[in-house]
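Trainee: Handing you a structure now.
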Amino acid sequence: MKNTLNLIFNVFTVMLLVMLRMGPVVAQETPLPKLIKLIVPFSPGASNDLFGRALAQRMSSRLGSTVIVENRPGAGGSIGADIVARGEPDGSILLFSSNSFATNAAMTAKLPYDMNKSFAPVAMIAKTSMIFVVNTNSPYKNLPQIIGAMRDPKQKMNYGSAGLGSLAHIGTELFHSMAVTTALHIPYKGVSNAITDMMGDNIQFMISTPASVGEQVRGGKLRALAVTSLERSKSTPDIPAVSEFIPGYAVEAWWGVFVPGETPKPIVDRLNLVIRSITEQPDMRKLFTQESAEPVAMTASEFNVYYSEEILKWKKLARERNLSSSNQ
């Protein structure tokens with residue numbers, strides 16, 4: 001009898017250990033549709049499209065599914081986002097977007113979806129700091145000097161951005177709020193037009209991504225006064241952070257993947273594991289470096305917290321500074 005009980009106990013123990021070991025495998029093998037659409041809510045050619053297509057290609061190989069990219073630009077990204085919000089919550093449709101997803105929402109009074117309920121954050125793949133730049137012939141050699149000029153009522157200061165609700169726009173408004181400065185916003189249809197006007201002295205400064213202004217900075221056409229990350233960038237350690245002069249200031253561009261809000265957690269978790277494994281690969285890291293971005297490894301829960309904080313941050317700023325797409 002004793003031997004029989006020992007045998008039953010040993011069999012039960014082995015079965016339990018096998019089940020525990022299979023747990024993560026079952027989670028990773030949550031079935032996904034054979035055809036998956038990755039919606040990029042912006043036009044082809046920019047970083048959103050570049051990163052999205054690179055990710056889709058590698059996801060196809062990892063998942064054994066066909067992941068296709070569809071560009072659905074318009075209305076600051078809300079057209080493409082709405083398509084995903086209304087999609088089936090089964091992993092068949094994904095949204096690849098950036099921080100502008102949150103900043104545009106802060107500027108728009110009415111959206112066809114709920115930013116908090118209509119989407120489930122899956123994974124952030126990369127981020128980068130912005131750069132505060134001036135014309136190389138500008139009299140402002142450092143950030144304290146231009147802050148002083150913006151606080152001088154006799155000085156007429158203009159700044160440019162890639163458009164209303166862009167990170168450059170709302171990030172500069174955060175700067176004004178924290179630094180107690182002021183300057184007139186001149187929105188452009190694209191960063192290149194703003195850069196041209198800056199080199200022509202029509203605007204005095206702007207905040208933009210390294211991918212957009214890095215070449216002009218290296219070529220001596222623009223002067224970098226600061227980076228917008230909380231700490232100095234590893235790639236440009238000689239450029240101070242804005243936070244060294246304005247404590248607590250931090251603005252970063254990021255890119256990430258979302259699914260419809262009611263997508264089951266096992267699907268979200270499997271997609272997160274696959275995407276994180278892809279972003280760790282040397283070829284993806286090389287692509288990020290080419291765009292002056294850094295890979296990010298976050299769980300879906302961590303990304304959800306970050307995303308929620310971004311929405312609150314920019315909506316609060318929009319209310320305080322009366323920012324909206326209708327009154328600019």
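We name chains A, B, ... following the order of the structure tokens; residues begin at 1 in each chain, and ligands are numbered from 1 as shown.
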Would you please give, as a compact mmCIF listing (two decimals) with C-alpha atoms, in the first residue's frame, all residues of region 32-279 of chain A that DSSP assigns to alpha helix (DSSP H) based on the backbone?
Mentor:
```txt
# COMPACT_ATOMS: atom_id res chain seq x y z
CA SER A 47 10.02 56.73 -39.52
CA ASN A 48 6.57 55.32 -38.67
CA ASP A 49 6.39 53.60 -42.04
CA LEU A 50 10.05 52.53 -42.01
CA PHE A 51 9.87 50.92 -38.57
CA GLY A 52 6.42 49.48 -39.20
CA ARG A 53 7.45 47.69 -42.39
CA ALA A 54 10.64 46.34 -40.83
CA LEU A 55 8.62 45.00 -37.90
CA ALA A 56 5.91 43.47 -40.10
CA GLN A 57 8.44 41.59 -42.20
CA ARG A 58 10.09 40.04 -39.15
CA MET A 59 6.76 39.28 -37.46
CA SER A 60 5.71 37.28 -40.51
CA SER A 61 8.78 35.08 -40.13
CA ARG A 62 8.37 34.63 -36.37
CA LEU A 63 4.62 34.01 -36.31
CA SER A 78 -6.96 59.36 -36.26
CA ILE A 79 -8.32 57.82 -39.48
CA GLY A 80 -5.99 54.83 -39.25
CA ALA A 81 -6.45 54.59 -35.49
CA ASP A 82 -10.23 54.47 -35.88
CA ILE A 83 -9.95 51.54 -38.27
CA VAL A 84 -8.06 49.59 -35.61
CA ALA A 85 -10.42 50.68 -32.82
CA SER A 100 1.75 61.86 -32.04
CA PHE A 101 -1.06 59.38 -31.34
CA ALA A 102 -1.24 60.88 -27.83
CA THR A 103 -0.35 64.49 -28.63
CA ASN A 104 -2.92 64.82 -31.42
CA ALA A 105 -5.57 63.39 -29.11
CA ALA A 106 -4.77 66.11 -26.58
CA MET A 107 -5.36 68.75 -29.25
CA LEU A 143 19.84 77.56 -23.72
CA PRO A 144 19.96 80.17 -20.90
CA GLN A 145 20.57 82.90 -23.49
CA ILE A 146 17.53 82.04 -25.59
CA ILE A 147 15.41 81.59 -22.47
CA GLY A 148 16.36 85.12 -21.49
CA ALA A 149 15.37 86.39 -24.95
CA MET A 150 11.98 84.66 -24.75
CA ARG A 151 11.35 86.31 -21.39
CA LEU A 167 5.43 66.58 -30.64
CA ALA A 168 7.57 69.57 -31.64
CA HIS A 169 4.58 71.86 -31.11
CA ILE A 170 3.23 70.50 -27.86
CA GLY A 171 6.73 69.78 -26.52
CA THR A 172 7.66 73.43 -27.03
CA GLU A 173 4.48 74.52 -25.27
CA LEU A 174 5.50 72.35 -22.32
CA PHE A 175 8.85 74.13 -22.39
CA HIS A 176 7.10 77.53 -22.27
CA SER A 177 4.93 76.37 -19.40
CA MET A 178 7.85 75.16 -17.30
CA ALA A 179 10.37 77.86 -18.26
CA VAL A 191 9.82 69.60 -40.82
CA SER A 192 11.83 70.43 -43.96
CA ASN A 193 9.89 73.64 -44.54
CA ALA A 194 10.48 74.73 -40.95
CA ILE A 195 14.21 74.03 -41.26
CA THR A 196 14.39 76.12 -44.45
CA ASP A 197 12.71 79.06 -42.72
CA MET A 198 15.00 78.72 -39.71
CA MET A 199 18.07 78.94 -41.90
CA PRO A 210 17.75 63.87 -34.59
CA ALA A 211 16.64 62.11 -37.78
CA SER A 212 15.18 65.42 -39.05
CA VAL A 213 17.84 67.94 -38.00
CA GLY A 214 20.89 65.81 -37.18
CA GLU A 215 22.46 66.20 -40.65
CA GLN A 216 22.15 70.01 -40.50
CA VAL A 217 23.65 70.05 -37.01
CA ARG A 218 26.60 67.89 -38.09
CA LYS A 265 -4.59 39.28 -22.72
CA PRO A 266 -2.98 36.03 -24.01
CA ILE A 267 -2.92 37.51 -27.53
CA VAL A 268 -1.48 40.80 -26.27
CA ASP A 269 1.18 38.95 -24.29
CA ARG A 270 2.20 36.73 -27.19
CA LEU A 271 2.50 39.70 -29.53
CA ASN A 272 4.55 41.52 -26.89
CA LEU A 273 6.99 38.60 -26.55
CA VAL A 274 7.42 38.32 -30.31
CA ILE A 275 7.91 42.08 -30.84
CA ARG A 276 10.38 42.37 -27.97
CA SER A 277 12.44 39.49 -29.38
CA ILE A 278 12.50 41.25 -32.77
CA THR A 279 13.63 44.62 -31.38
```
Trainee: Just the residues within 7 Å of region 127-142 of chain A, please, counting only C-alpha atoms, with nothing from its chain fewer than 2 positions along; format it as a ChimeraX atom specification.
Mentor: /A:144-146,198-199,204-210,220-229,251-255,292-296
Trainee: Could you name the residues that touch region 87-92 of chain A at 8 Å or less, counting only C-alpha atoms, but leaving out those on the same chain fewer than 2 positions away, as JSON, numbers by chain?
Mentor: {"A": [32, 33, 35, 36, 37, 83, 84, 85, 94, 259, 260, 261, 262, 263, 264, 267, 268]}
Trainee: The selected residues should be written to file as a short mmCIF file (atom, residue, chain, number, x, y, z; two decimals), in the first residue's frame (atoms: N, CA and C atoms).
Mentor:
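result18.cif, written as the output of this step:
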```cif
data_model
loop_
_atom_site.label_atom_id
_atom_site.label_comp_id
_atom_site.auth_asym_id
_atom_site.auth_seq_id
_atom_site.Cartn_x
_atom_site.Cartn_y
_atom_site.Cartn_z
N LEU A 32 -2.80 32.82 -33.46
CA LEU A 32 -3.07 34.11 -34.09
C LEU A 32 -3.55 33.88 -35.51
N PRO A 33 -4.29 34.82 -36.07
CA PRO A 33 -4.79 34.67 -37.45
C PRO A 33 -3.64 34.52 -38.45
N LEU A 35 -3.59 35.87 -41.36
CA LEU A 35 -3.42 37.16 -42.02
C LEU A 35 -3.60 38.28 -40.99
N ILE A 36 -2.57 39.09 -40.83
CA ILE A 36 -2.60 40.19 -39.86
C ILE A 36 -2.30 41.50 -40.59
N LYS A 37 -3.14 42.50 -40.33
CA LYS A 37 -2.91 43.83 -40.90
C LYS A 37 -2.25 44.74 -39.86
N ILE A 83 -9.80 52.83 -37.61
CA ILE A 83 -9.95 51.54 -38.27
C ILE A 83 -9.58 50.41 -37.31
N VAL A 84 -8.50 50.61 -36.57
CA VAL A 84 -8.06 49.59 -35.61
C VAL A 84 -9.03 49.52 -34.43
N ALA A 85 -9.48 50.66 -33.96
CA ALA A 85 -10.42 50.68 -32.82
C ALA A 85 -11.68 49.89 -33.13
N LEU A 94 -3.52 45.40 -36.16
CA LEU A 94 -2.64 46.09 -35.24
C LEU A 94 -2.47 47.54 -35.70
N VAL A 259 -3.46 47.22 -30.18
CA VAL A 259 -4.52 46.37 -30.74
C VAL A 259 -5.86 46.92 -30.25
N PRO A 260 -6.99 46.45 -30.81
CA PRO A 260 -8.29 46.88 -30.30
C PRO A 260 -8.41 46.60 -28.80
N GLY A 261 -9.13 47.46 -28.10
CA GLY A 261 -9.17 47.45 -26.65
C GLY A 261 -9.61 46.16 -25.99
N GLU A 262 -10.48 45.39 -26.62
CA GLU A 262 -10.99 44.18 -25.99
C GLU A 262 -10.23 42.92 -26.40
N THR A 263 -9.06 43.10 -26.99
CA THR A 263 -8.24 41.94 -27.37
C THR A 263 -7.83 41.16 -26.12
N PRO A 264 -8.02 39.84 -26.09
CA PRO A 264 -7.67 39.03 -24.92
C PRO A 264 -6.20 39.17 -24.53
N ILE A 267 -3.34 37.04 -26.21
CA ILE A 267 -2.92 37.51 -27.53
C ILE A 267 -1.98 38.70 -27.38
N VAL A 268 -2.33 39.63 -26.51
CA VAL A 268 -1.48 40.80 -26.27
C VAL A 268 -0.11 40.36 -25.78
#
```
Trainee: Rank A:Gly74, A:Pro247, A:Ala46, A:Pro121 by their smallest atom-to-atom distance to Glu302 (chain A), using only C-alpha atoms, and report the top residue only.
Mentor: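 Closest residue, counting only C-alpha atoms: A:Pro121.
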Trainee: Which one is closest to Asp152 (chain A): A:Lys189, A:Ala109, A:Val180, A:Leu230? Count only C-alpha atoms.
Mentor: A:Val180
Trainee: Would you give me, as an NGL selection string, the residues in region 233-300 of chain A that DSSP reads as strand (DSSP E)?
Mentor: :A and (252-260 or 294-295)
Trainee: Restricting the calculation to only C-alpha atoms, which member of A:Val305, A:Pro153, A:Gly219, A:Lys234 is positioned closest to Ala183 (chain A)?
Mentor: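 Checking each of A:Val305, A:Pro153, A:Gly219, A:Lys234 against Ala183 (chain A), counting only C-alpha atoms, the winner is A:Pro153.
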Trainee: Using only C-alpha atoms, which residue out of A:Leu287, A:Leu164, A:Ile186, A:Met298 lies closest to Thr108 (chain A)?
Mentor: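 Closest candidate: A:Leu164.
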Trainee: Could you please determine the separation between CA of Asn322 (chain A) and CA of Gly190 (chain A) in Å, to one decimal place?
Mentor: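 Distance between the two atoms: 23.2 Å.
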Trainee: Figure out the distance between CA of Ser161 (chain A) and CA of His185 (chain A), please, to one decimal in Å.
Mentor: 7.6 Å
Trainee: For CA of Ser118 (chain A) and CA of Phe258 (chain A), quote the distance in Å rounded to one decimal.
Mentor: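 Between CA of Ser118 (chain A) and CA of Phe258 (chain A) the gap is 9.8 Å.
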Trainee: Counting only C-alpha atoms, figure out which residue out of A:Ala120, A:Val67, A:Ala75, A:Ile203 gets nearest to Gly165 (chain A).
Mentor: A:Ala75
